[in-house]
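Undergrad: What follows is input.pdb, made up of PDB, C-alpha atoms:
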```pdb
ATOM      1  CA  MET A   1      -2.279  -1.378   5.196
ATOM      2  CA  HIS A   2      -5.308  -1.017   7.419
ATOM      3  CA  HIS A   3      -8.146  -3.084   8.823
ATOM      4  CA  LEU A   4     -11.685  -2.496   7.620
ATOM      5  CA  HIS A   5     -15.060  -3.794   8.787
ATOM      6  CA  ALA A   6     -17.851  -3.963   6.247
ATOM      7  CA  PRO A   7     -20.693  -1.585   7.097
ATOM      8  CA  GLY A   8     -23.253  -3.200   9.406
ATOM      9  CA  THR A   9     -20.946  -5.937  10.729
ATOM     10  CA  ASN A  10     -20.373  -6.485  14.427
ATOM     11  CA  PRO A  11     -16.652  -5.934  15.119
ATOM     12  CA  ARG A  12     -16.861  -8.275  18.120
ATOM     13  CA  ALA A  13     -18.371 -11.096  16.071
ATOM     14  CA  SER A  14     -16.159 -10.973  12.977
ATOM     15  CA  ARG A  15     -12.600 -10.105  12.155
ATOM     16  CA  ALA A  16     -11.795  -7.010  10.165
ATOM     17  CA  GLY A  17     -10.592  -7.486   6.625
ATOM     18  CA  VAL A  18      -7.154  -6.242   5.672
ATOM     19  CA  THR A  19      -6.752  -3.778   2.854
ATOM     20  CA  ALA A  20      -3.507  -2.438   1.462
ATOM     21  CA  ASP A  21      -2.216  -0.165  -1.277
ATOM     22  CA  LEU A  22       0.971  -0.819  -3.239
ATOM     23  CA  PHE A  23       2.630   2.373  -4.504
ATOM     24  CA  VAL A  24       5.469   2.678  -7.032
ATOM     25  CA  SER A  25       7.630   5.753  -6.530
ATOM     26  CA  GLY A  26      10.385   4.986  -9.052
ATOM     27  CA  GLY A  27      11.346   2.346 -11.562
ATOM     28  CA  ALA A  28       8.650  -0.266 -12.178
ATOM     29  CA  ILE A  29       7.435  -3.512 -10.669
ATOM     30  CA  SER A  30       5.587  -6.529 -11.969
ATOM     31  CA  TRP A  31       2.924  -8.114  -9.728
ATOM     32  CA  GLU A  32       1.718 -11.649 -10.339
ATOM     33  CA  GLU A  33      -0.659 -13.547  -8.062
ATOM     34  CA  THR A  34      -0.994 -17.283  -7.710
ATOM     35  CA  VAL A  35      -4.478 -18.659  -7.030
ATOM     36  CA  ASP A  36      -4.962 -22.364  -6.361
ATOM     37  CA  GLY A  37      -1.466 -23.046  -7.695
ATOM     38  CA  LYS A  38      -2.097 -21.283 -11.002
ATOM     39  CA  ALA A  39      -0.181 -18.134 -11.909
ATOM     40  CA  GLY A  40      -2.263 -15.143 -12.850
ATOM     41  CA  LYS A  41      -1.588 -12.526 -15.483
ATOM     42  CA  PRO A  42       1.351 -10.263 -14.498
ATOM     43  CA  GLN A  43       0.439  -6.626 -13.955
ATOM     44  CA  ARG A  44       3.045  -3.934 -14.503
ATOM     45  CA  LEU A  45       3.082  -0.893 -12.261
ATOM     46  CA  ALA A  46       4.960   2.188 -13.455
ATOM     47  CA  PRO A  47       6.108   5.162 -11.364
ATOM     48  CA  SER A  48       3.282   7.141  -9.738
ATOM     49  CA  GLN A  49       0.851   4.219  -9.941
ATOM     50  CA  ARG A  50      -0.844   2.288  -7.153
ATOM     51  CA  MET A  51      -2.785  -0.945  -6.807
ATOM     52  CA  ALA A  52      -5.252  -1.840  -4.041
ATOM     53  CA  PHE A  53      -5.645  -5.216  -2.313
ATOM     54  CA  ASP A  54      -8.408  -6.378  -0.004
ATOM     55  CA  GLY A  55      -7.402  -9.995   0.614
ATOM     56  CA  GLN A  56      -9.746 -11.341  -2.039
ATOM     57  CA  VAL A  57      -9.555  -9.048  -5.039
ATOM     58  CA  THR A  58      -6.548  -7.255  -6.464
ATOM     59  CA  GLY A  59      -7.301  -3.947  -8.088
ATOM     60  CA  THR A  60      -6.095  -2.685 -11.431
ATOM     61  CA  PRO A  61      -3.071  -0.341 -11.471
ATOM     62  CA  VAL A  62      -4.242   3.278 -11.503
ATOM     63  CA  ALA A  63      -2.552   6.662 -11.367
ATOM     64  CA  ALA A  64      -1.893   7.690  -7.786
ATOM     65  CA  LYS A  65      -3.447  11.077  -7.107
ATOM     66  CA  GLU A  66      -0.938  11.654  -4.333
ATOM     67  CA  VAL A  67       2.010   9.531  -3.311
ATOM     68  CA  PRO A  68       2.305   9.151   0.485
ATOM     69  CA  ARG A  69       5.033  11.325   1.972
ATOM     70  CA  TRP A  70       6.815   8.355   3.514
ATOM     71  CA  ILE A  71       7.749   6.848   0.134
ATOM     72  CA  VAL A  72       9.144  10.004  -1.432
ATOM     73  CA  ALA A  73      12.953  10.161  -1.680
ATOM     74  CA  ASP A  74      14.754  11.067   1.561
ATOM     75  CA  ALA A  75      16.369  14.186   0.155
ATOM     76  CA  ALA A  76      13.048  15.641  -0.948
ATOM     77  CA  ILE A  77      11.297  15.252   2.395
ATOM     78  CA  LYS A  78      14.054  15.512   4.989
ATOM     79  CA  GLY A  79      13.153  19.082   5.904
ATOM     80  CA  SER A  80       9.372  18.579   5.778
ATOM     81  CA  LEU A  81       9.092  15.803   8.387
ATOM     82  CA  SER A  82       8.490  16.454  12.045
ATOM     83  CA  PRO A  83      11.040  14.962  14.486
ATOM     84  CA  LYS A  84       8.566  12.151  15.298
ATOM     85  CA  GLU A  85       8.074  11.367  11.594
ATOM     86  CA  GLN A  86      11.842  11.307  11.083
ATOM     87  CA  LEU A  87      12.216   8.863  13.994
ATOM     88  CA  ASP A  88       9.417   6.659  12.611
ATOM     89  CA  ARG A  89      11.078   6.644   9.211
ATOM     90  CA  ARG A  90      14.468   5.625  10.629
ATOM     91  CA  ALA A  91      12.874   2.927  12.786
ATOM     92  CA  SER A  92      11.081   1.381   9.803
ATOM     93  CA  ARG A  93      14.323   0.665   7.937
TER
END
```
What is this structure when it is put down as structure tokens?
TA:
Amino acid sequence: MHHLHAPGTNPRASRAGVTADLFVSGGAISWEETVDGKAGKPQRLAPSQRMAFDGQVTGTPVAAKEVPRWIVADAAIKGSLSPKEQLDRRASR
């Protein structure tokens, strides 16, 4: 998740929009949005897929070019994280 200002907007005059990416590292998930009380069409995300959100529009599931290191299984990344990254990971649980 991160905040994003549209090009040309004054950051002091308007709030930044929130964007986020949903990644699937294993198994599968089904995402369904509700708009004005009406359920939308469920979207299935399989392993190694991601979907983007910007607060207004939900993207279509696409293949993730690279899965972020923080969602890879603990055993696979334990040795590759710096001490600070390991602390951040433990604190986020």
Undergrad: For the structure shown, which residues end up in the PyMOL selection byres ((chain A and resi 16) around 8)? Put them as a list in words, please?
TA: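 Going through the file, the PyMOL selection byres ((chain A and resi 16) around 8) ends up selecting His3, Leu4, His5, Ala6, Pro11, Ser14, Arg15, Gly17 and Val18 of chain A.
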Undergrad: Just to be explicit: take each residue in the selection above, keep C-alpha atoms, and write the result as a PDB file, in the frame of the given file.
TA:
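result14.pdb written:
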```pdb
ATOM      1  CA  HIS A   3      -8.146  -3.084   8.823  1.00  0.00           C
ATOM      2  CA  LEU A   4     -11.685  -2.496   7.620  1.00  0.00           C
ATOM      3  CA  HIS A   5     -15.060  -3.794   8.787  1.00  0.00           C
ATOM      4  CA  ALA A   6     -17.851  -3.963   6.247  1.00  0.00           C
ATOM      5  CA  PRO A  11     -16.652  -5.934  15.119  1.00  0.00           C
ATOM      6  CA  SER A  14     -16.159 -10.973  12.977  1.00  0.00           C
ATOM      7  CA  ARG A  15     -12.600 -10.105  12.155  1.00  0.00           C
ATOM      8  CA  GLY A  17     -10.592  -7.486   6.625  1.00  0.00           C
ATOM      9  CA  VAL A  18      -7.154  -6.242   5.672  1.00  0.00           C
TER      10      VAL A  18
END
```
Undergrad: Using the chain letters and residue numbers of this document, give as a PyMOL selection string the residues selected by the PyMOL selection byres ((chain A and resi 29-38) around 12).
TA: chain A and resi 22-28+39-53+55-61
Undergrad: In Å, rounded to a single decimal, give me how far atom CA of A:Ala20 is from atom CA of A:Leu87.
TA: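 Atom CA of A:Ala20 lies 23.1 Å from atom CA of A:Leu87.
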Undergrad: Atom CA of A:Arg90 to atom CA of A:Glu66: how many Å, to one decimal?
TA: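 Rounded to one decimal, the two atoms are 22.3 Å apart.
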Undergrad: Grab the atom CA of A:Glu85 to atom CA of A:Val62 distance for me, in Å with one decimal place.
TA: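 Atom CA of A:Val62 lies at a distance of 27.4 Å from atom CA of A:Glu85.
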